[in-house]
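Quick look at data37.cif (mmCIF, C-alpha atoms):
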```
data_structure
loop_
_atom_site.label_atom_id
_atom_site.label_comp_id
_atom_site.auth_asym_id
_atom_site.auth_seq_id
_atom_site.Cartn_x
_atom_site.Cartn_y
_atom_site.Cartn_z
CA MET N 1 -195.94 130.83 29.31
CA THR N 2 -198.96 132.04 31.28
CA PHE N 3 -200.75 135.36 30.86
CA LEU N 4 -199.47 136.44 34.30
CA SER N 5 -195.87 135.68 33.37
CA ILE N 6 -196.26 137.83 30.24
CA ILE N 7 -197.60 140.70 32.36
CA ASN N 8 -194.74 140.22 34.84
CA TRP N 9 -192.28 140.28 31.97
CA LEU N 10 -193.77 143.46 30.49
CA THR N 11 -193.84 145.28 33.84
CA LEU N 12 -190.41 143.92 34.87
CA GLU N 13 -192.04 142.41 37.94
CA ASP N 14 -189.94 139.29 37.19
CA TYR N 15 -186.82 141.37 37.96
CA SER N 16 -188.25 142.67 41.26
CA GLU N 17 -189.38 139.18 42.23
CA ALA N 18 -185.95 137.71 41.45
CA LYS N 19 -184.31 140.38 43.67
CA ARG N 20 -186.71 139.64 46.53
CA ASP N 21 -186.11 135.92 46.15
CA ALA N 22 -182.33 136.43 46.18
CA ALA N 23 -182.53 138.44 49.44
CA ARG N 24 -184.76 135.77 50.98
CA ARG N 25 -182.30 133.01 50.02
CA ILE N 26 -179.35 134.92 51.50
CA ILE N 27 -181.24 135.39 54.78
CA ALA N 28 -182.34 131.74 54.90
CA LYS N 29 -178.81 130.62 54.16
CA GLN N 30 -177.28 132.49 57.06
CA SER N 31 -179.98 132.08 59.70
CA ARG N 32 -178.45 129.19 61.63
CA GLY N 33 -181.16 127.56 63.71
CA ASN N 34 -183.59 130.47 63.38
CA ILE N 35 -186.68 128.68 62.09
CA VAL N 36 -188.71 131.86 61.48
CA ALA N 37 -186.01 133.47 59.35
CA GLN N 38 -185.38 130.21 57.52
CA ASP N 39 -189.06 130.24 56.56
CA GLY N 40 -189.27 126.47 56.70
CA GLU N 41 -186.02 125.99 54.82
CA VAL N 42 -183.90 123.73 56.95
CA MET N 43 -180.78 123.26 54.90
CA LEU N 44 -178.36 120.40 55.05
CA ALA N 45 -174.63 121.14 55.12
CA GLU N 46 -174.36 120.14 51.48
CA GLU N 47 -177.12 122.58 50.44
CA LEU N 48 -175.54 125.37 52.49
CA GLN N 49 -172.24 124.77 50.75
CA LYS N 50 -173.99 124.94 47.37
CA LEU N 51 -175.69 128.21 48.25
CA SER N 52 -172.56 129.82 49.63
CA ARG N 53 -170.98 129.34 46.22
CA LYS N 54 -173.92 130.85 44.35
CA ALA N 55 -172.48 134.36 44.55
CA ASP N 56 -169.19 133.03 43.18
CA ASP N 57 -171.07 131.51 40.25
CA SER N 58 -172.77 134.87 39.69
CA ILE N 59 -169.39 136.56 39.52
CA ARG N 60 -168.18 134.07 36.92
CA ARG N 61 -171.39 134.43 34.89
CA LEU N 62 -171.15 138.23 35.00
CA LYS N 63 -167.63 138.02 33.62
CA ASP N 64 -168.74 135.75 30.78
CA VAL N 65 -171.82 137.81 29.89
CA THR N 66 -170.14 141.20 29.99
CA ALA N 67 -166.98 140.05 28.22
CA GLY N 68 -168.98 139.53 25.05
CA VAL N 69 -170.50 143.02 25.20
CA ARG N 70 -167.41 145.12 25.78
CA MET B 1 -155.07 127.93 86.03
CA ALA B 2 -157.37 130.81 86.91
CA VAL B 3 -159.62 132.08 84.15
CA ASP B 4 -159.19 135.78 83.31
CA LEU B 5 -162.80 136.83 82.87
CA GLU B 6 -161.86 140.47 82.38
CA ALA B 7 -159.63 139.62 79.40
CA LEU B 8 -162.39 137.48 77.90
CA ARG B 9 -164.89 140.32 78.34
CA LEU B 10 -162.55 142.74 76.59
CA GLU B 11 -162.21 140.28 73.70
CA VAL B 12 -166.00 140.05 73.42
CA ALA B 13 -166.30 143.86 73.55
CA ASP B 14 -163.76 144.26 70.75
CA ALA B 15 -165.44 141.57 68.59
CA TRP B 16 -168.85 143.16 69.26
CA ASP B 17 -167.64 146.60 68.08
CA LYS B 18 -166.25 145.09 64.88
CA ALA B 19 -169.43 143.09 64.23
CA GLU B 20 -171.60 146.14 64.75
CA HIS B 21 -169.48 148.14 62.32
CA ALA B 22 -169.85 145.39 59.69
CA VAL B 23 -173.61 145.27 60.27
CA LYS B 24 -173.83 149.05 59.78
CA LEU B 25 -171.96 148.74 56.48
CA GLY B 26 -174.21 145.85 55.43
CA GLU B 27 -177.34 147.84 56.27
CA GLN B 28 -176.33 150.38 53.64
CA VAL B 29 -176.66 147.58 51.07
CA ASN B 30 -179.88 146.03 52.33
CA GLY B 31 -181.54 146.17 55.72
CA GLN B 32 -182.95 142.66 55.48
CA VAL B 33 -179.93 140.60 54.49
CA VAL B 34 -178.01 141.62 57.63
CA ASN B 35 -180.76 140.22 59.87
CA PRO B 36 -178.92 136.90 60.44
CA ALA B 37 -175.89 138.88 61.64
CA ILE B 38 -178.12 140.82 64.03
CA TYR B 39 -179.54 137.51 65.32
CA GLU B 40 -175.97 136.38 66.05
CA LEU B 41 -175.41 139.54 68.10
CA ARG B 42 -178.63 138.78 69.95
CA TYR B 43 -177.35 135.28 70.73
CA ALA B 44 -174.09 136.87 71.96
CA GLY B 45 -176.11 139.13 74.26
CA ARG B 46 -177.93 136.09 75.62
CA ARG B 47 -174.58 134.37 76.36
CA LEU B 48 -173.33 137.48 78.18
CA ILE B 49 -176.41 137.46 80.43
CA GLU B 50 -176.04 133.73 81.10
CA GLY B 51 -172.35 134.28 81.85
CA TYR B 52 -173.18 137.05 84.30
CA ARG B 53 -175.65 134.75 86.12
CA LEU B 54 -173.15 131.89 86.29
CA GLU B 55 -170.48 134.21 87.67
CA LYS B 56 -172.88 135.34 90.40
CA THR B 57 -173.40 131.70 91.44
CA GLY B 58 -169.63 131.17 91.56
CA ASP B 59 -169.37 129.08 88.37
CA ILE B 60 -166.34 130.85 86.87
CA ASP B 61 -165.61 128.15 84.25
CA GLY B 62 -169.23 128.19 83.12
CA CYS B 63 -169.07 131.97 82.82
CA ALA B 64 -165.84 131.73 80.77
CA ASP B 65 -167.52 129.23 78.41
CA MET B 66 -170.42 131.64 77.90
CA LEU B 67 -168.01 134.50 77.15
CA ARG B 68 -166.16 132.34 74.61
CA ASP B 69 -169.48 131.45 72.97
CA ALA B 70 -170.43 135.15 72.88
CA HIS B 71 -167.09 135.91 71.22
CA MET B 72 -167.79 133.25 68.58
CA ASN B 73 -171.27 134.73 67.96
CA CYS B 74 -169.72 138.16 67.41
CA LEU B 75 -167.22 136.75 64.91
CA ARG B 76 -170.03 135.00 63.04
CA ALA B 77 -172.07 138.21 63.03
CA ARG B 78 -169.21 140.14 61.45
CA HIS B 79 -168.54 137.51 58.80
CA ASP B 80 -172.25 137.04 58.04
CA ALA B 81 -172.81 140.77 57.58
CA ILE B 82 -169.92 141.08 55.12
CA ASP B 83 -170.81 137.86 53.28
CA ALA B 84 -174.49 138.85 53.04
CA ALA B 85 -173.72 142.37 51.79
CA THR B 86 -171.32 141.22 49.07
CA SER B 87 -173.61 138.31 48.09
CA LYS B 88 -176.55 140.70 47.76
CA ILE B 89 -174.59 143.13 45.58
CA THR B 90 -173.21 140.36 43.37
CA VAL B 91 -176.57 138.67 42.85
CA HIS B 92 -178.30 142.03 42.24
CA LEU B 93 -175.78 143.01 39.55
CA ASP B 94 -176.05 139.54 38.01
CA LEU B 95 -179.85 139.83 37.87
CA ALA B 96 -179.61 143.33 36.38
CA VAL B 97 -177.40 142.03 33.58
CA GLN B 98 -179.69 139.03 33.00
CA LYS B 99 -183.03 140.84 33.15
CA LEU B 100 -182.24 144.39 32.00
CA GLY B 101 -179.63 143.43 29.42
CA ALA B 102 -175.83 143.61 29.59
CA PRO B 103 -175.43 146.38 26.94
CA ARG B 104 -177.97 148.59 28.77
CA VAL B 105 -176.35 148.08 32.18
CA LEU B 106 -172.82 148.63 30.89
CA THR B 107 -173.83 151.81 29.05
CA CYS B 108 -175.76 153.39 31.93
CA PHE B 109 -173.38 152.36 34.70
CA PRO B 110 -169.88 153.47 33.68
CA SER B 111 -168.26 152.20 36.90
CA TRP B 112 -169.21 148.65 36.03
CA GLY B 113 -165.63 147.48 35.44
CA GLU B 114 -164.38 148.92 38.71
CA THR B 115 -167.30 147.44 40.67
CA TYR B 116 -166.83 144.05 39.09
CA ALA B 117 -163.07 144.04 39.85
CA HIS B 118 -163.65 144.90 43.53
CA LEU B 119 -166.43 142.33 43.90
CA ALA B 120 -164.43 139.55 42.25
CA ASP B 121 -161.53 140.38 44.56
CA VAL B 122 -163.72 140.25 47.68
CA ARG B 123 -165.45 136.99 46.67
CA GLU B 124 -162.01 135.48 46.09
CA LYS B 125 -160.89 136.57 49.56
CA ILE B 126 -164.06 135.08 51.10
CA ALA B 127 -163.43 131.83 49.20
CA VAL B 128 -159.85 131.74 50.57
CA SER B 129 -161.13 132.42 54.10
CA ARG B 130 -163.40 129.33 53.91
CA GLY B 131 -160.35 127.12 53.78
CA SER B 132 -158.15 129.14 56.12
CA ARG B 133 -159.59 129.46 59.60
CA ASN B 134 -156.41 131.07 61.00
CA GLU B 135 -156.36 133.90 58.51
CA ARG B 136 -160.12 134.43 58.46
CA ALA B 137 -160.12 137.36 60.89
CA VAL B 138 -157.38 139.19 58.96
CA ILE B 139 -159.11 138.57 55.62
CA TYR B 140 -162.46 139.90 56.86
CA ALA B 141 -160.76 142.90 58.51
CA THR B 142 -159.14 143.77 55.17
CA ILE B 143 -162.44 143.40 53.31
CA GLU B 144 -164.27 145.55 55.85
CA ALA B 145 -161.66 148.29 55.95
CA ALA B 146 -160.53 148.49 52.35
CA ASP B 147 -162.93 146.83 49.91
CA LEU B 148 -166.44 147.03 51.30
CA PRO B 149 -166.75 150.85 51.64
CA LYS B 150 -165.64 151.26 48.00
CA ILE B 151 -168.04 148.58 46.77
CA ILE B 152 -170.93 150.09 48.73
CA LYS B 153 -170.21 153.51 47.22
CA LEU B 154 -170.21 152.05 43.70
CA TYR B 155 -173.33 150.01 44.45
CA SER B 156 -175.09 153.19 45.60
CA GLU B 157 -174.23 154.75 42.24
CA PHE B 158 -175.73 151.70 40.52
CA LYS B 159 -178.90 151.90 42.64
CA ALA B 160 -179.25 155.58 41.73
CA MET B 161 -179.11 154.58 38.04
CA GLU B 162 -181.45 151.61 38.43
CA PRO B 163 -184.83 153.43 38.03
CA SER B 164 -183.80 154.83 34.64
CA LEU B 165 -182.42 151.42 33.65
CA ILE B 166 -185.74 149.79 34.57
CA LYS B 167 -187.68 152.44 32.65
CA ASP B 168 -185.52 151.89 29.59
CA ALA B 169 -185.78 148.08 29.87
CA LYS B 170 -189.58 148.32 30.16
CA LEU B 171 -189.72 150.41 27.01
CA GLY B 172 -187.55 147.81 25.28
CA ARG B 173 -189.84 144.96 26.35
CA TRP B 174 -193.02 146.81 25.30
CA SER B 175 -191.44 147.62 21.90
CA ALA B 176 -190.49 143.96 21.46
CA ALA B 177 -194.00 142.85 22.43
CA GLY B 178 -195.49 145.41 20.01
CA GLY B 179 -193.20 144.12 17.26
CA TRP B 180 -194.31 140.52 17.86
CA LEU B 181 -197.98 141.55 17.84
CA VAL B 182 -197.61 143.42 14.55
CA ALA B 183 -195.68 140.51 13.02
CA THR B 184 -198.30 138.01 14.21
CA GLY B 185 -201.12 140.23 12.91
CA LEU B 186 -199.48 140.52 9.50
CA ALA B 187 -198.88 136.78 9.36
CA VAL B 188 -202.52 136.05 10.24
CA ALA B 189 -203.71 138.62 7.68
CA GLY B 190 -201.46 137.02 5.06
CA ILE B 191 -202.83 133.55 5.75
CA VAL B 192 -206.44 134.79 5.69
CA GLN B 193 -205.83 136.61 2.41
CA GLN B 194 -204.28 133.47 0.95
CA TYR B 195 -207.11 131.11 1.77
CA LEU B 196 -210.24 133.29 1.65
CA PRO B 197 -211.89 133.69 -1.74
#
```
Could you quickly redo this structure as structure tokens?
Amino acid sequence: MTFLSIINWLTLEDYSEAKRDAARRIIAKQSRGNIVAQDGEVMLAEELQKLSRKADDSIRRLKDVTAGVR
Amino acid sequence: MAVDLEALRLEVADAWDKAEHAVKLGEQVNGQVVNPAIYELRYAGRRLIEGYRLEKTGDIDGCADMLRDAHMNCLRARHDAIDAATSKITVHLDLAVQKLGAPRVLTCFPSWGETYAHLADVREKIAVSRGSRNERAVIYATIEAADLPKIIKLYSEFKAMEPSLIKDAKLGRWSAAGGWLVATGLAVAGIVQQYLP
């Protein structure tokens, strides 16, 4: 754990960064053939498939996490 | 058989209207994530121009191909906008639960259960549409008309609550850090007291 990561944790910058990263991944995923929007990420069909199921995994995880709280 | 360019153009116009509506809904979630859908509409526009040029040179089949491509671009734009908007909402809520804490999120956002139920339903429909090309248009039309506006409304409520959630989570993290510092200080003081004469 670096000093910067502690500061990011205290200021919740890690949350903001994770949100920005998620938006960037969604854009890269859907930008077929647009090299600028892909930001260097040229994804193979297999990787695209994996990413397209990421939101489904999130839904499942949300169910698991929140089930224990309610 | 003669190609009916007018019918093809009307199909493209209809698909364009639907795609634009989906993009407008998606923009309410996040302006950036609908960019790929907007690119698809741009590609559709390019095909329309190419089709117009080919028609002028008498290449009717070439023009029809361009119109069909434009139609496909519009369909992709619509699906991308809806997929991006629901993905963004799902991942955002997942991150909120992970980073801000499930109890905090569930307490401050009373519509959590309703939002989750709608989102799970939509993601299931999208998953079904991946394996069912014939029903894809109907599935996305249902999502756009019935589910997405409700989800966006609930998501807006969540976003309105988010600043207070973040403030509360920050306080929680600072308190935890303070607790660790005090505990570490006491431990160090204890060790020093033990070993110093």
Which residues fall under the PyMOL selection byres ((chain N) within 8 of (chain B)) in this file, as a ChimeraX atom specification? /N:9-12,15,18-19,22-24,26-27,30-32,37,55-56,58-59,61-62,65-66,69
Find the residues near stretch 63-71 of chain B: any atom within 12 Å, counting only C-alpha atoms, skip ones fewer than 6 places away on the same chain, and give them as a PyMOL selection string. chain B and resi 2-19+40-57+77-78
What separates atom CA of B:Thr142 and atom CA of B:Asn73 is a distance of 19.8 Å
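For the pair atom CA of B:Gly26 and atom CA of B:Leu154, the separation is 13.9 Å.
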